[in-house]
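J.: Contents of input13.txt (compact mmCIF, C-alpha atoms):
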```
# COMPACT_ATOMS: atom_id res chain seq x y z
CA MET A 112 27.89 12.26 -34.02
CA ASN A 113 25.64 14.88 -35.57
CA THR A 114 22.51 13.44 -37.17
CA THR A 115 20.22 15.58 -39.28
CA TYR A 116 16.74 14.52 -40.20
CA LEU A 117 15.07 15.50 -43.44
CA PRO A 118 11.31 15.98 -43.77
CA SER A 119 11.19 12.91 -46.01
CA ASP A 120 12.42 10.80 -43.08
CA TYR A 121 9.08 11.41 -41.36
CA LEU A 122 7.01 10.37 -44.40
CA PRO A 123 6.31 6.79 -43.15
CA ILE A 124 5.00 8.17 -39.86
CA PHE A 125 2.65 10.58 -41.63
CA ILE A 126 1.46 7.82 -43.97
CA GLN A 127 0.68 5.55 -41.03
CA LEU A 128 -1.07 8.39 -39.19
CA GLY A 129 -3.14 9.19 -42.29
CA LEU A 130 -4.12 5.56 -42.78
CA ALA A 131 -5.12 5.19 -39.13
CA LEU A 132 -7.24 8.36 -39.20
CA GLY A 133 -8.76 7.33 -42.53
CA PHE A 134 -9.68 3.92 -41.12
CA ILE A 135 -11.28 5.47 -38.05
CA ILE A 136 -13.28 8.04 -40.02
CA THR A 137 -14.38 5.48 -42.61
CA THR A 138 -15.44 2.97 -39.97
CA MET A 139 -17.42 5.56 -38.03
CA PHE A 140 -19.11 6.88 -41.17
CA VAL A 141 -20.03 3.43 -42.51
CA THR A 142 -21.34 2.05 -39.23
CA HIS A 143 -23.39 5.19 -38.61
CA ASN A 144 -25.00 5.13 -42.04
CA ILE A 145 -25.46 1.37 -42.49
CA GLY A 146 -26.63 0.44 -38.99
CA PRO A 147 -30.33 0.07 -38.21
CA LYS A 148 -32.14 3.05 -36.77
CA ARG A 149 -34.97 1.71 -34.63
CA HIS A 150 -36.16 3.77 -31.70
CA SER A 151 -38.65 2.76 -29.07
CA LYS A 152 -39.35 3.67 -25.47
CA LYS A 153 -37.88 0.39 -24.25
CA LYS A 154 -34.74 0.61 -26.43
CA ASP A 155 -33.95 4.23 -25.57
CA GLU A 156 -34.36 3.61 -21.84
CA ALA A 157 -31.22 3.59 -19.70
CA PHE A 158 -30.00 0.07 -18.88
CA GLU A 159 -27.71 -0.74 -15.99
CA CYS A 160 -26.88 -4.42 -15.38
CA GLY A 161 -30.51 -5.50 -15.67
CA ILE A 162 -31.56 -3.38 -12.70
CA PRO A 163 -34.33 -0.87 -13.35
CA SER A 164 -33.21 2.75 -13.09
CA GLU A 165 -34.37 4.79 -10.13
CA GLY A 166 -34.20 8.52 -9.68
CA ASP A 167 -32.24 11.10 -11.61
CA ALA A 168 -28.68 10.41 -12.76
CA ARG A 169 -27.81 14.07 -12.28
CA THR A 170 -28.27 14.18 -8.52
CA PRO A 171 -25.63 16.35 -6.87
CA ILE A 172 -22.79 14.49 -5.15
CA SER A 173 -20.84 15.95 -2.27
CA ILE A 174 -17.51 17.53 -3.23
CA LYS A 175 -15.93 15.63 -0.33
CA TYR A 176 -16.11 12.46 -2.40
CA PHE A 177 -14.09 14.01 -5.20
CA LEU A 178 -11.57 15.58 -2.81
CA ILE A 179 -10.91 12.21 -1.18
CA ALA A 180 -10.51 10.58 -4.60
CA ILE A 181 -8.04 13.24 -5.78
CA LEU A 182 -6.06 13.03 -2.55
CA PHE A 183 -5.90 9.25 -2.86
CA VAL A 184 -4.48 9.53 -6.36
CA LEU A 185 -2.04 12.24 -5.27
CA PHE A 186 -0.64 10.30 -2.32
CA ASP A 187 -0.69 7.04 -4.28
CA VAL A 188 1.57 8.62 -6.91
CA GLU A 189 3.84 9.87 -4.15
CA VAL A 190 4.21 6.32 -2.83
CA ILE A 191 5.11 5.13 -6.34
CA PHE A 192 8.11 7.49 -6.25
CA MET A 193 9.33 5.76 -3.09
CA TYR A 194 9.66 2.33 -4.69
CA PRO A 195 12.66 3.10 -6.96
CA TRP A 196 14.31 4.90 -4.06
CA ALA A 197 13.92 1.84 -1.83
CA VAL A 198 15.32 -0.45 -4.54
CA ASN A 199 18.40 1.76 -5.06
CA PHE A 200 18.82 2.79 -1.43
CA LYS A 201 22.40 1.51 -1.07
CA ASN A 202 23.56 3.00 -4.39
CA LEU A 203 22.17 6.47 -3.66
CA GLY A 204 24.08 6.91 -0.42
CA VAL A 205 23.63 9.81 1.97
CA ALA A 206 22.56 12.25 -0.76
CA GLY A 207 19.70 9.93 -1.76
CA PHE A 208 18.65 9.60 1.87
CA VAL A 209 18.61 13.38 2.37
CA GLU A 210 16.58 13.85 -0.81
CA MET A 211 14.03 11.29 0.35
CA VAL A 212 13.80 12.93 3.78
CA LEU A 213 13.05 16.25 2.03
CA PHE A 214 10.53 14.53 -0.23
CA MET A 215 8.80 12.94 2.76
CA GLY A 216 8.89 16.27 4.58
CA PHE A 217 7.06 18.01 1.73
CA LEU A 218 4.62 15.12 1.53
CA LEU A 219 3.87 15.25 5.25
CA ALA A 220 3.59 19.06 5.13
CA GLY A 221 0.93 18.69 2.43
CA PHE A 222 -0.85 16.05 4.49
CA TYR A 223 -0.74 18.31 7.56
CA TYR A 224 -2.21 21.15 5.46
CA ILE A 225 -5.02 18.86 4.33
CA LEU A 226 -5.76 17.87 7.92
CA ARG A 227 -5.77 21.51 9.08
CA LYS A 228 -8.18 22.48 6.30
CA GLY A 229 -10.57 19.73 7.43
CA VAL A 230 -10.77 18.02 4.07
CA LEU A 231 -10.91 14.57 5.66
CA LYS A 232 -13.67 15.48 8.13
CA TRP A 233 -17.10 14.13 7.21
CA GLU A 234 -20.26 15.74 8.54
```
Can you give me the file's structure in the form of structure tokens?

T.:
Amino acid sequence: MNTTYLPSDYLPIFIQLGLALGFIITTMFVTHNIGPKRHSKKKDEAFECGIPSEGDARTPISIKYFLIAILFVLFDVEVIFMYPWAVNFKNLGVAGFVEMVLFMGFLLAGFYYILRKGVLKWE
């Protein structure tokens, strides 16, 4: 069955997109112009859960923290790929098992590389 779409078929989508953008722009414009504009030292001060701020918010943070966070996300996503494989293990047969062994091999090779580079070592 060959289905062809005309540009007029997309008109409802463009209308909805235009209305959504119009609503957003109008709301932002109105709230910015109507809202009160009172500034004071107390109001413009940073507020965090009722605890007074200390120090500078722009203090440098070790890159190790970010590397660990990225690696956690990376390996967490890898584990998510294992769940559907485990659910369909019997249906996939030997080919599915071989593919998962290759997948795990690449995953462990990456983990070995990370260990050799010393990313997980804290000073």

J.: Could you check which of A:Phe186, A:Trp196, A:Phe140, A:Trp233 is closest to A:Phe217, using only C-alpha atoms?

T.: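 Answer, going by the shortest atom-to-atom distance: A:Phe186.
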
J.: Have a look at atom CA of A:Ala197 and atom CA of A:Met211 and let me know their distance in Å, one decimal.

T.: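 So the answer is 9.7 Å.
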
J.: Rounded to one decimal place, report the atom CA of A:Leu226-atom CA of A:Thr170 distance in Å.

T.: 28.1 Å

J.: Quick one: of A:Ile225, A:Val141, A:Ile124, A:Pro195, who's nearest to A:Gly207, counting all atoms listed in the file?

T.: A:Pro195

J.: Could you state the separation of atom CA of A:Leu231 and atom CA of A:Ile179 in Å, given to one decimal place?

T.: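 According to the coordinates, atom CA of A:Leu231 and atom CA of A:Ile179 are separated by 7.2 Å.
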
J.: Rank nothing, just name the residue among A:Met215, A:Leu132, A:Leu122, A:Ala157 nearest to A:Glu189, using only C-alpha atoms.

T.: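 Among A:Met215, A:Leu132, A:Leu122, A:Ala157, it is A:Met215 that comes nearest to A:Glu189.
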
J.: Have a look at A:Tyr121, A:Phe222, A:Phe134, A:Tyr116 and name the one nearest to A:Leu185; count all atoms listed in the file.

T.: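 Ranking A:Tyr121, A:Phe222, A:Phe134, A:Tyr116 by distance to A:Leu185, first place goes to A:Phe222.
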